[in-house]
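K.L.:
Just passing along the structure, written as structure tokens.
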Amino acid sequence: MKEDEVQPQTVHSLAISSTSKQFPTSPSFRDYALTSWIKNNIKKKECGFFQADSREDTCKCGYLKTEHAEEAIKPEDYTGDTWDRHKHVHEVVTDAFGNILFGGLRHKIGKYARVSTDTNPEMLYKLLTEQWKLSPPNLLISVTGGAKNLCLKARLKNNFHRGLIKVAQTTGAWIITGGTNTGVMKHVGQAVRDYALSSMQGKEIVAIGVATWGIIHNRDTLVHKDGCFPAHYVMDINSQGRLSGLDNNHTHFLLVDDGTHGRYGVEIELRTSLEKCIGRKYLGNSGVTIPAVCVVLDGGPGTLNTIYNTMLNDTPCVILEGSGRIADVIAQVSGLPVSQITIALINQLMEKFFGSEYHSFSGKILEWTKKIQDIIRLPHLLTIFSVSEDNHGNLDVAILQALLKASRSSKSRGVESWKRQLELAIAWNRVDIAETEIFTESSQWKSTDLNWAMFLALVGNKPQFVSLLLENGVSLRDFLKDEETLVILYKQMPSCLFLRKLAQRVRRCHRLKGRGLGKGQRGHTGRGEIISLTHVSEEVRRLLGKFTQNIYPPSTFTHQLNLSVEDMSDSMSKGQASSQAPFSDDRAEAQKDAGRDLFLWAVVQNNKELAEIAWEQCTDCTSAALAASMILKNLAMEESDADETQEMLKLANHYEERAIGVFSECHDSDEDRAQKLLVRMSPSWGQTTCLRLALEADNKRFVAQSGVQALLSQIWCGELSVDNPVWRVLICMIFFPLICTGFLIFRRDELFQRQHEMNEEIKIMETVTGSTFRINHVSLPAKVKPLGIFSKLGSFYGSPQVTFYWKIVSYVAFLVLFAVVLMIDFQRTPSPGELLVYIWVFTLVCEEVRQLFHDPDGFGFRKKCSIYINDLWNILDVLSILLFCLGVAFRLTSKLFHEGKIILCIDFMVFCLRLMAIFTISPTLGPKIIIVKKMMMDMFFFMFLLSIWVVAYGVAKQGILIDNDHRLEWIVRGVIYEPYLIIFGNFPQNIDNAELDLNSCSADGTDPLKPKCPVLKDNQIPVLSEWLTIIMLCVYLLFANILLLNLLIAIFNFTFQEVQDNTDRIWKFQRYELIKEYHSHPAAPPPFIILSHIWLFIRRMVLRRSAIRYKEFKNELPQMEEEELLSWEALMKDRYLLSAQQEQSQCMERRILDTAQKVTILTEQLERDEETSSAAVLKRLARLEEQSNKALQMIMDSLKSQGASAKEKQPLTSTATNGNLDSLRNTSEIEKCFHVKARQFLYPNSKITRFPVPEEKVPWEVSFPSYRPTYYDCKDDGCDMDGSEALDNYRNPEGRTGIRGRGALSRLGPNQNLDLVLTRWRDSERSVLEFLGVWGESRGFLVLPEGLVDSSDQLPATLKKTLGNEIYETLNTKLSEGIKVFEGYVDDCRNTDNAWVETTVLNIHLDRTSQVMVDIKNMSVSSHGSLQWQEVSSITRLDSNQRDSLKKVAALHNRKF
């Protein structure tokens, strides 16, 4: 980008706040930089010479004498210069800038600056963007029109307000007006105010007022040499007189100062320059400049000039019909041919819409007619907005359509035109405009042509455009086929937690690699760290878990990650980024999943809209949704922003719902395929499974689905049928011969039974109908055979269900044996039973070790340890084993024998608690165990609360009753134990005298078996504060027994009610781990399990065999089967989305919104019908008037035929001709087209203005008495504006031009011009015709070689410098071989009444192998592209004359143009 363009804003900025007291005219610390910048760059103008005007105290500049500096006031006898604005007004440092505060109910603060008329527009743009911190606009809306009291109809006013704000809000536009509180500017301010009152988003609409400083009322309050922060501006309409007040609803003001007072229109020139400057800036990161549009309401002669100049600058105008005056005049003639826009018609319309005001400036009717004709001649830049038409009153749509219509001009044709329009629509984020104006049947797009648009939509966070582009053929596979594209997407990702984590990883990798580099190499890396998909893959794997694999293979492409944020390359924004490192063709199919890549990119930045669109494009949608849920939950745990955390968790739950919905649809359609989908390895997501992702993401609702539970039940039963009752399984565990008798049902038996039943049904149908059905297709695979006897035995005892039951039996036997040893057979020397317990516990230890190291999912030892410890039952296992080891160690020590037995007894309690794990498999008792766990947590916090009361009462009671008892055990008994027993009804006897037994206590506290007696009196009667201790007991019982215990019951009840709904879900979720544990559990129960452990040890350590992989939990499918499964899943996803959409459309909230929308549409329709009916009445009156005129005409004709005077007829004819515009619009006569460029107002390269020549006055035959053209003759030695000579001999053959003399041409009469069209074939097959273009620096694009000549037999001398002497001479010799394509008058802007250009278009076709082709190639290289070969095509950018010439050349060579 150029140096004068605004640099991109950084992601992070430092906010400096100040808490010091602010004074109105003292800039705060944060405003010092603004003050310094404005003083250095912004100037104002002031008068330096006082010369009295008609009033002695007033200068000719308009300011009072007292408002001038002392040096500007000259002595009274001064007879020097007369006052001249250009000479005596000079620039000084501005003294009015800062913040402006308007009074009223809502304190509105804006920014303002007083600027000179000579201020550089670039400086003003920097003031707006860099100093006032405005974001560069995506659109510039210049609103102009009536500056007086403008009254609009209610509907037009509402449409204008709503449409203007909507287009500004949706596109991020700047609105530029005159800034005063009058006319159209006031309406713009009201629209901004209404938006501010109704909007809850807090997004400010930028309304910039460019006003004249000298006409601002109360401007003195804005003046201070150091700026005002803020300046209190008072709006006083009553006392402002001819001056104008600023509009309090504008946000920024540029007050243009030319050193005068009371002079309107000073700001127009600077405002125009500023708008041009903004229009040259680029739109974001694209190559499109910021578009501008002019919106016109009402207006007078000045507004007409504004419209005319605006459209000459190729800026589209939207004129609101019905707003009054000049806007209505242009709207009335907009549909007419230019030849029918006559002076009389404009005169009539002006008088109609201007009323009495028209007579004050009716002398300019010729100029107005000419300008209106020129405006109508540019239909691609003119849009008439009428609320009466069936456009639903959408002014915002009309504005954007006007811009798109203008972009289809000759400057950009074909595909380039559509690209520019699409870039604008994306920048505005108006997908509705793109749908109706761009993606139409006439537009032809290739999928690859829209890749650049997809990139802009993704980086700009435009999800609606992403959907639209996908609907119109964009292929994500083609879009992301290059690794570079995805890398740049991550580089352009908005600031988020994932980007920060990725940057940290990149830096760590960079530092690690930098340690091995030399100093010279290390210094070279300062431009930016290196980012690749490898870093992305590693960060995603960290979020998913180490049990997954990298989703991207090692990358060969790297991209600089400039952490200060750099602009993306122009080649990527245009979709022309080269493929430096495309994915290898032999990579896995999953790593080419473009939907997965885009979905992951959107998920990690927590972008719900883009993620939802990308998820719909994923081929593995269930795994993608579960992976997204897990990634978001892990990111939420690391996010410090609470709001962002909630958004992440909300989106994670959303994708869990998506996964549930798709899987439910799959399970309802085909249970077997759905189960395969659960356990298939997903190459797209690190070779893991849907089930594993759901478990790691803690997606309990997904796991609790009936389809998932059916799979778990099937794995739990192994080869046994899930329909077998438990009692049959238990019986067969003991009486195993029953297994072979059909007492139990196996799954394979069910398959054969199902096949048999289906075949029987088909046979019956064949018998009844007599037709043949697909009986041959209902069969099982050839590999499936019935189970034999030994296979049934192996399948039965290898079932996880049977293994679990055997372990329960074994564990109960162990507890019985352990209890017998503790109670009956616990000797100093271990008995055989006790030794058997030792062996049994050793086998349990071996099993715990096996569980810890058994890692079929590849979690890693650290993750496996974390999982092991987080399981409550494993904690009980470890605790019981440790206590057992400690108890045995004490028990084998003679001195600690009894202590060892105590520890073993306690350990037995722990072993018994472990027995509760057998209930986890039960659907009835399993959820209750979860409730018990929750209540234990409640109990813990309740005991903490209860202990406060127990200790408080116990200490108080003990201190009152017992005097200085030093025995700790009895103190604890009295303080804690006795108060605790009181809760359960065991009341102490030492509180009441009546129940006190002195024999049960020790008077001096020396008896270790008795508590110490209370304090006794001399007569051995206890000194008891009976009333106090009883009251304390009552209070204690009230709070402890009644309040706290009932509180505990209430807590338990609340916990039960809260957890009851979720216990079933939690139980189903935890059931997986139990099933998986026993699926890999050795079949033999302890202590026989030691044999299995020995075999596993031999297998792994001695035989070095890999661990057994079970397909029940993780299965890798063949490629064909996986593709078929994913295709079926995609079909189920589409069904789910359709059903979800239908359900959403039928919900109550949606119905309410639809009803409200319909009511709004009906209301607008009624209003439109009302106005349409009134318009219809007017049309009927117009037709009635026309019929009356015709009748009167017939009467006049009749009178004429009878000899009546024809003079009475003339006014009626004029009325009939100009009265009905509809009849003029329907005229279809062939019209003569006069020259247009030769009549433009400004003569090129001069300050001469042509005399206005309307269309009807162009022919010389038409009388034009008021025609007074300016004489202009630009000679070689200078310009002569007053010369005269005999010009009657030379008349422009095409009519008047508005200027006489030679003008800029070399001679009077015809001036010969030669357009040279050099053509060639691009290749030997003659597929493409090309022409040689010369770069025209003045025009900014290629032109045909041309120039004025004395004769068409020689080349223009000006081409000798362009083409070179050798090529020039060669082509001069070939002129005779050329073909004259055209010869005659051309419409040239240099033409005058007496001099004109006649052009000869000569085509010379060159042979590709000729020497002149070699010379042209060498010349093109040496001239750095000033000579270029271009295809002869309609998209070629040329002026209209040369474009017509090129079209004729294409026809000459039989090529389509």
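How things are named: the first chain in the structure tokens is A, the next is B, and so on; residues count from 1 in each chain; ligands count from 1 in the order shown.
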Quick one: everything within 6 Å of stretch 792-809 of chain A, counting only C-alpha atoms, minus sequence neighbours fewer than 2 positions away in the same chain. Send it as a PyMOL selection string.

P.N.:
chain A and resi 716-719+789-790+811-812+1078-1079+1083+1085

K.L.:
Do you know which residues are at most 6 Å from A:Gly1378 counting only C-alpha atoms, after dropping those on the same chain fewer than 4 positions away, and could you put them as a count of residues only?

P.N.:
3

K.L.:
Which distance in Å separates atom CA of A:Arg1250 and atom CA of A:Ile1299, to one decimal?

P.N.:
5.4 Å

K.L.:
Give me, as number ranges by chain, all polymer residues having an atom no more than 10 Å from stretch 682-687 of chain A, counting only C-alpha atoms and skipping those fewer than 6 positions away in the same chain.

P.N.:
A: 537, 540-541, 544-552, 588-593, 596-597, 618-620, 623-624, 627, 693, 1114-1117, 1122

K.L.:
Give me a file of those residues, with N, CA, C and O atoms, as a short mmCIF file (atom, residue, chain, number, x, y, z; two decimals), in the first residue's frame.

P.N.:
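Below is the file selection-v6.cif, written as the result:
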data_model
loop_
_atom_site.label_atom_id
_atom_site.label_comp_id
_atom_site.auth_asym_id
_atom_site.auth_seq_id
_atom_site.Cartn_x
_atom_site.Cartn_y
_atom_site.Cartn_z
N SER A 537 -1.47 -28.57 14.25
CA SER A 537 -1.79 -29.96 14.57
C SER A 537 -1.38 -30.32 15.99
O SER A 537 -2.12 -31.00 16.72
N VAL A 540 -3.82 -28.65 18.44
CA VAL A 540 -5.11 -29.34 18.43
C VAL A 540 -4.99 -30.68 19.14
O VAL A 540 -5.90 -31.09 19.88
N ARG A 541 -3.88 -31.36 18.96
CA ARG A 541 -3.69 -32.64 19.65
C ARG A 541 -3.62 -32.45 21.15
O ARG A 541 -4.10 -33.28 21.93
N LEU A 544 -7.25 -32.14 22.13
CA LEU A 544 -8.00 -33.39 22.00
C LEU A 544 -7.51 -34.46 22.95
O LEU A 544 -8.30 -35.27 23.45
N GLY A 545 -6.22 -34.49 23.20
CA GLY A 545 -5.66 -35.50 24.07
C GLY A 545 -4.52 -36.23 23.38
O GLY A 545 -4.50 -36.39 22.15
N LYS A 546 -3.56 -36.66 24.17
CA LYS A 546 -2.38 -37.33 23.61
C LYS A 546 -2.70 -38.70 23.03
O LYS A 546 -1.86 -39.30 22.35
N PHE A 547 -3.89 -39.23 23.33
CA PHE A 547 -4.25 -40.53 22.76
C PHE A 547 -4.57 -40.42 21.27
O PHE A 547 -4.69 -41.43 20.58
N THR A 548 -4.70 -39.20 20.75
CA THR A 548 -4.95 -39.01 19.33
C THR A 548 -3.64 -38.81 18.60
O THR A 548 -2.59 -38.59 19.20
N GLN A 549 -3.71 -38.87 17.29
CA GLN A 549 -2.55 -38.60 16.45
C GLN A 549 -2.70 -37.22 15.82
O GLN A 549 -3.77 -36.62 15.86
N ASN A 550 -1.62 -36.72 15.24
CA ASN A 550 -1.67 -35.41 14.59
C ASN A 550 -2.62 -35.46 13.40
O ASN A 550 -2.59 -36.40 12.60
N ILE A 551 -3.46 -34.45 13.29
CA ILE A 551 -4.43 -34.43 12.20
C ILE A 551 -3.80 -33.96 10.90
O ILE A 551 -4.37 -34.18 9.83
N TYR A 552 -2.65 -33.29 10.99
CA TYR A 552 -1.93 -32.88 9.78
C TYR A 552 -0.55 -33.54 9.78
O TYR A 552 0.11 -33.59 10.82
N ALA A 588 -3.38 -39.23 3.16
CA ALA A 588 -4.63 -39.92 3.47
C ALA A 588 -5.81 -39.05 3.07
O ALA A 588 -5.75 -37.84 3.05
N GLU A 589 -6.91 -39.72 2.76
CA GLU A 589 -8.12 -39.02 2.32
C GLU A 589 -8.62 -38.08 3.40
O GLU A 589 -9.13 -37.00 3.12
N ALA A 590 -8.46 -38.48 4.66
CA ALA A 590 -8.97 -37.65 5.74
C ALA A 590 -8.26 -36.32 5.82
O ALA A 590 -8.82 -35.32 6.21
N GLN A 591 -6.96 -36.35 5.46
CA GLN A 591 -6.20 -35.11 5.55
C GLN A 591 -6.51 -34.19 4.39
O GLN A 591 -5.95 -33.11 4.28
N LYS A 592 -7.40 -34.58 3.50
CA LYS A 592 -7.88 -33.73 2.42
C LYS A 592 -9.31 -33.27 2.70
O LYS A 592 -9.98 -32.77 1.81
N ASP A 593 -9.76 -33.48 3.91
CA ASP A 593 -11.13 -33.11 4.27
C ASP A 593 -11.17 -31.60 4.49
O ASP A 593 -10.87 -31.10 5.57
N ARG A 596 -13.49 -30.42 7.27
CA ARG A 596 -12.89 -30.56 8.60
C ARG A 596 -11.93 -29.41 8.89
O ARG A 596 -11.94 -28.84 10.00
N ASP A 597 -11.12 -29.04 7.90
CA ASP A 597 -10.14 -27.97 8.11
C ASP A 597 -10.82 -26.65 8.41
O ASP A 597 -10.42 -25.93 9.34
N CYS A 618 -18.70 -31.10 6.55
CA CYS A 618 -17.82 -32.17 7.03
C CYS A 618 -18.32 -33.52 6.56
O CYS A 618 -19.53 -33.80 6.59
N THR A 619 -17.38 -34.39 6.18
CA THR A 619 -17.76 -35.75 5.79
C THR A 619 -17.93 -36.65 7.01
O THR A 619 -18.66 -37.63 6.95
N ASP A 620 -17.25 -36.34 8.09
CA ASP A 620 -17.33 -37.13 9.32
C ASP A 620 -17.96 -36.24 10.39
O ASP A 620 -17.30 -35.78 11.32
N SER A 623 -18.11 -37.28 14.43
CA SER A 623 -16.80 -37.12 15.07
C SER A 623 -16.41 -35.66 15.16
O SER A 623 -15.84 -35.22 16.16
N ALA A 624 -16.73 -34.89 14.11
CA ALA A 624 -16.39 -33.46 14.12
C ALA A 624 -17.12 -32.73 15.24
O ALA A 624 -16.54 -31.90 15.93
N ALA A 627 -15.56 -33.79 18.57
CA ALA A 627 -14.23 -33.20 18.72
C ALA A 627 -14.33 -31.71 19.04
O ALA A 627 -13.59 -31.18 19.87
N LEU A 693 -14.17 -39.92 21.94
CA LEU A 693 -14.27 -38.45 21.99
C LEU A 693 -15.38 -38.02 22.93
O LEU A 693 -15.23 -37.06 23.69
N LYS A 1114 -12.58 -50.10 19.12
CA LYS A 1114 -11.82 -49.31 18.14
C LYS A 1114 -11.57 -50.19 16.93
O LYS A 1114 -10.78 -51.13 16.99
N ASN A 1115 -12.23 -49.83 15.84
CA ASN A 1115 -12.17 -50.69 14.66
C ASN A 1115 -11.80 -49.84 13.45
O ASN A 1115 -12.39 -48.79 13.20
N GLU A 1116 -10.83 -50.31 12.70
CA GLU A 1116 -10.41 -49.63 11.48
C GLU A 1116 -11.08 -50.32 10.30
O GLU A 1116 -10.85 -51.51 10.04
N LEU A 1117 -11.91 -49.58 9.60
CA LEU A 1117 -12.69 -50.14 8.50
C LEU A 1117 -11.92 -50.08 7.20
O LEU A 1117 -11.08 -49.19 7.00
N GLU A 1122 -15.67 -47.71 4.68
CA GLU A 1122 -15.69 -46.43 5.39
C GLU A 1122 -16.34 -45.35 4.54
O GLU A 1122 -17.13 -44.54 5.04
#

K.L.:
Have a look at atom CA of A:Thr1392 and atom CA of A:Leu1316 and let me know their distance in Å, one decimal.

P.N.:
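Atom CA of A:Leu1316 lies at a distance of 24.4 Å from atom CA of A:Thr1392.
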
K.L.:
Run DSSP on the backbone of this structure and report the residues of stretch 297-435 of chain A it assigns to alpha helix (DSSP H), as an NGL selection string.

P.N.:
:A and (301-312 or 325-333 or 343-354 or 365-376 or 395-407 or 414-428 or 431-433)

K.L.:
At a cut-off of 9 Å, using only C-alpha atoms, what residues contact A:Thr1270? Leave out same-chain residues fewer than 2 positions from it and give the result as JSON, numbers by chain.

P.N.:
{"A": [1248, 1249, 1250, 1251, 1268, 1272, 1281, 1298, 1299, 1300, 1301]}

K.L.:
Excluding stretch 309-313 of chain A and its own-chain neighbours fewer than 6 positions away, which residues fall within 9 Å of it when counting only C-alpha atoms? Please give them as a CSV table (one decimal) with N, CA, C and O atoms, in the first residue's frame.

P.N.:
chain,number,residue,atom,x,y,z
A,272,THR,N,-15.7,18.4,-1.5
A,272,THR,CA,-15.5,17.6,-2.7
A,272,THR,C,-14.1,16.9,-2.8
A,272,THR,O,-14.0,15.7,-3.1
A,276,LYS,N,-13.2,12.9,-2.7
A,276,LYS,CA,-12.4,12.3,-3.7
A,276,LYS,C,-11.2,11.6,-3.1
A,276,LYS,O,-10.8,10.5,-3.5
A,293,VAL,N,-21.4,7.3,-2.9
A,293,VAL,CA,-22.7,7.5,-3.5
A,293,VAL,C,-23.2,8.9,-3.0
A,293,VAL,O,-22.9,9.2,-1.8
A,294,CYS,N,-23.9,9.5,-3.9
A,294,CYS,CA,-24.5,10.8,-3.5
A,294,CYS,C,-26.0,10.6,-3.4
A,294,CYS,O,-26.7,10.1,-4.3
A,375,ILE,N,-27.1,14.7,-17.3
A,375,ILE,CA,-27.4,13.8,-16.2
A,375,ILE,C,-28.1,12.6,-16.7
A,375,ILE,O,-27.8,11.4,-16.4
A,378,LEU,N,-26.4,9.7,-18.5
A,378,LEU,CA,-25.6,8.7,-17.7
A,378,LEU,C,-26.5,7.9,-16.8
A,378,LEU,O,-26.5,7.9,-15.6
A,381,LEU,N,-25.3,5.9,-13.7
A,381,LEU,CA,-25.0,6.6,-12.5
A,381,LEU,C,-26.2,7.2,-11.9
A,381,LEU,O,-26.0,7.9,-10.8
A,382,LEU,N,-27.3,7.1,-12.4
A,382,LEU,CA,-28.5,7.8,-11.9
A,382,LEU,C,-29.6,6.7,-11.5
A,382,LEU,O,-29.9,5.8,-12.2

K.L.:
Of the candidates A:Ile365, A:Ala427, A:Ala614, A:Ile376, which one gets nearest to A:Gln332 if we count only C-alpha atoms?

P.N.:
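Comparing A:Ile365, A:Ala427, A:Ala614, A:Ile376 against A:Gln332, the winner is A:Ile376.
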
K.L.:
At a cut-off of 8 Å, using only C-alpha atoms, what residues contact A:Thr177? Leave out same-chain residues fewer than 2 positions from it and give the result as a list of chain:residue names.

P.N.:
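Here the qualifying residues turn out to be A:Ser142, A:Val143, A:Thr144, A:Ile175, A:Gly179, A:Met185, A:Val188, A:Ala207, A:Ile208, A:Gly209, A:Val210.
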
K.L.:
Just N, CA and C atoms for this one: save the residues we selected as a PDB file, in the first residue's frame.

P.N.:
ATOM      1  N   SER A 142     -22.611  10.637   0.608  1.00  0.00           N
ATOM      2  CA  SER A 142     -22.674  12.102   0.646  1.00  0.00           C
ATOM      3  C   SER A 142     -24.129  12.500   0.445  1.00  0.00           C
ATOM      4  N   VAL A 143     -24.702  13.122   1.449  1.00  0.00           N
ATOM      5  CA  VAL A 143     -26.101  13.528   1.404  1.00  0.00           C
ATOM      6  C   VAL A 143     -26.158  15.019   1.128  1.00  0.00           C
ATOM      7  N   THR A 144     -26.886  15.382   0.093  1.00  0.00           N
ATOM      8  CA  THR A 144     -26.991  16.791  -0.277  1.00  0.00           C
ATOM      9  C   THR A 144     -28.434  17.097  -0.652  1.00  0.00           C
ATOM     10  N   ILE A 175     -21.256   8.938   6.700  1.00  0.00           N
ATOM     11  CA  ILE A 175     -22.244   9.839   6.114  1.00  0.00           C
ATOM     12  C   ILE A 175     -21.685  11.252   6.202  1.00  0.00           C
ATOM     13  N   GLY A 179     -23.764  19.445   7.889  1.00  0.00           N
ATOM     14  CA  GLY A 179     -23.511  19.537   9.318  1.00  0.00           C
ATOM     15  C   GLY A 179     -24.365  20.514  10.093  1.00  0.00           C
ATOM     16  N   MET A 185     -29.687  18.149   6.208  1.00  0.00           N
ATOM     17  CA  MET A 185     -28.734  17.809   7.272  1.00  0.00           C
ATOM     18  C   MET A 185     -29.460  17.499   8.575  1.00  0.00           C
ATOM     19  N   VAL A 188     -30.843  14.002   8.372  1.00  0.00           N
ATOM     20  CA  VAL A 188     -29.795  12.998   8.615  1.00  0.00           C
ATOM     21  C   VAL A 188     -29.513  12.896  10.107  1.00  0.00           C
ATOM     22  N   ALA A 207     -21.485  10.228  11.352  1.00  0.00           N
ATOM     23  CA  ALA A 207     -22.088  11.297  10.559  1.00  0.00           C
ATOM     24  C   ALA A 207     -21.173  12.505  10.648  1.00  0.00           C
ATOM     25  N   ILE A 208     -20.513  12.824   9.547  1.00  0.00           N
ATOM     26  CA  ILE A 208     -19.521  13.892   9.512  1.00  0.00           C
ATOM     27  C   ILE A 208     -20.156  15.119   8.873  1.00  0.00           C
ATOM     28  N   GLY A 209     -20.152  16.224   9.594  1.00  0.00           N
ATOM     29  CA  GLY A 209     -20.680  17.473   9.067  1.00  0.00           C
ATOM     30  C   GLY A 209     -19.554  18.365   8.588  1.00  0.00           C
ATOM     31  N   VAL A 210     -19.563  18.711   7.306  1.00  0.00           N
ATOM     32  CA  VAL A 210     -18.575  19.634   6.734  1.00  0.00           C
ATOM     33  C   VAL A 210     -19.308  20.950   6.495  1.00  0.00           C
TER      34      VAL A 210
END

K.L.:
Do a neighbour search on A:Ala1395 at 6 Å with only C-alpha atoms, toss out local chain neighbours closer than 6 positions, and write the hits as a PyMOL selection string.

P.N.:
chain A and resi 1302+1308-1310

K.L.:
Keeping only C-alpha atoms, write the selected residues as a short mmCIF file (atom, residue, chain, number, x, y, z; two decimals), in the first residue's frame.

P.N.:
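File produced: result-v8.cif:
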data_model
loop_
_atom_site.label_atom_id
_atom_site.label_comp_id
_atom_site.auth_asym_id
_atom_site.auth_seq_id
_atom_site.Cartn_x
_atom_site.Cartn_y
_atom_site.Cartn_z
CA ARG A 1302 -9.78 26.61 -33.12
CA LEU A 1308 -9.78 25.37 -38.46
CA GLY A 1309 -12.07 22.94 -40.16
CA PRO A 1310 -11.36 19.19 -40.14
#

K.L.:
To one decimal place, how far is atom CA of A:Ala1156 from atom CA of A:Ala168 in Å?

P.N.:
24.8 Å

K.L.:
Identify which of the residues A:Leu968, A:Phe97, A:Asn347, A:Val288 lies closest to A:His252, counting only C-alpha atoms when measuring atom-to-atom distances.

P.N.:
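Going through A:Leu968, A:Phe97, A:Asn347, A:Val288 one by one, the smallest distance to A:His252 is for A:Phe97.
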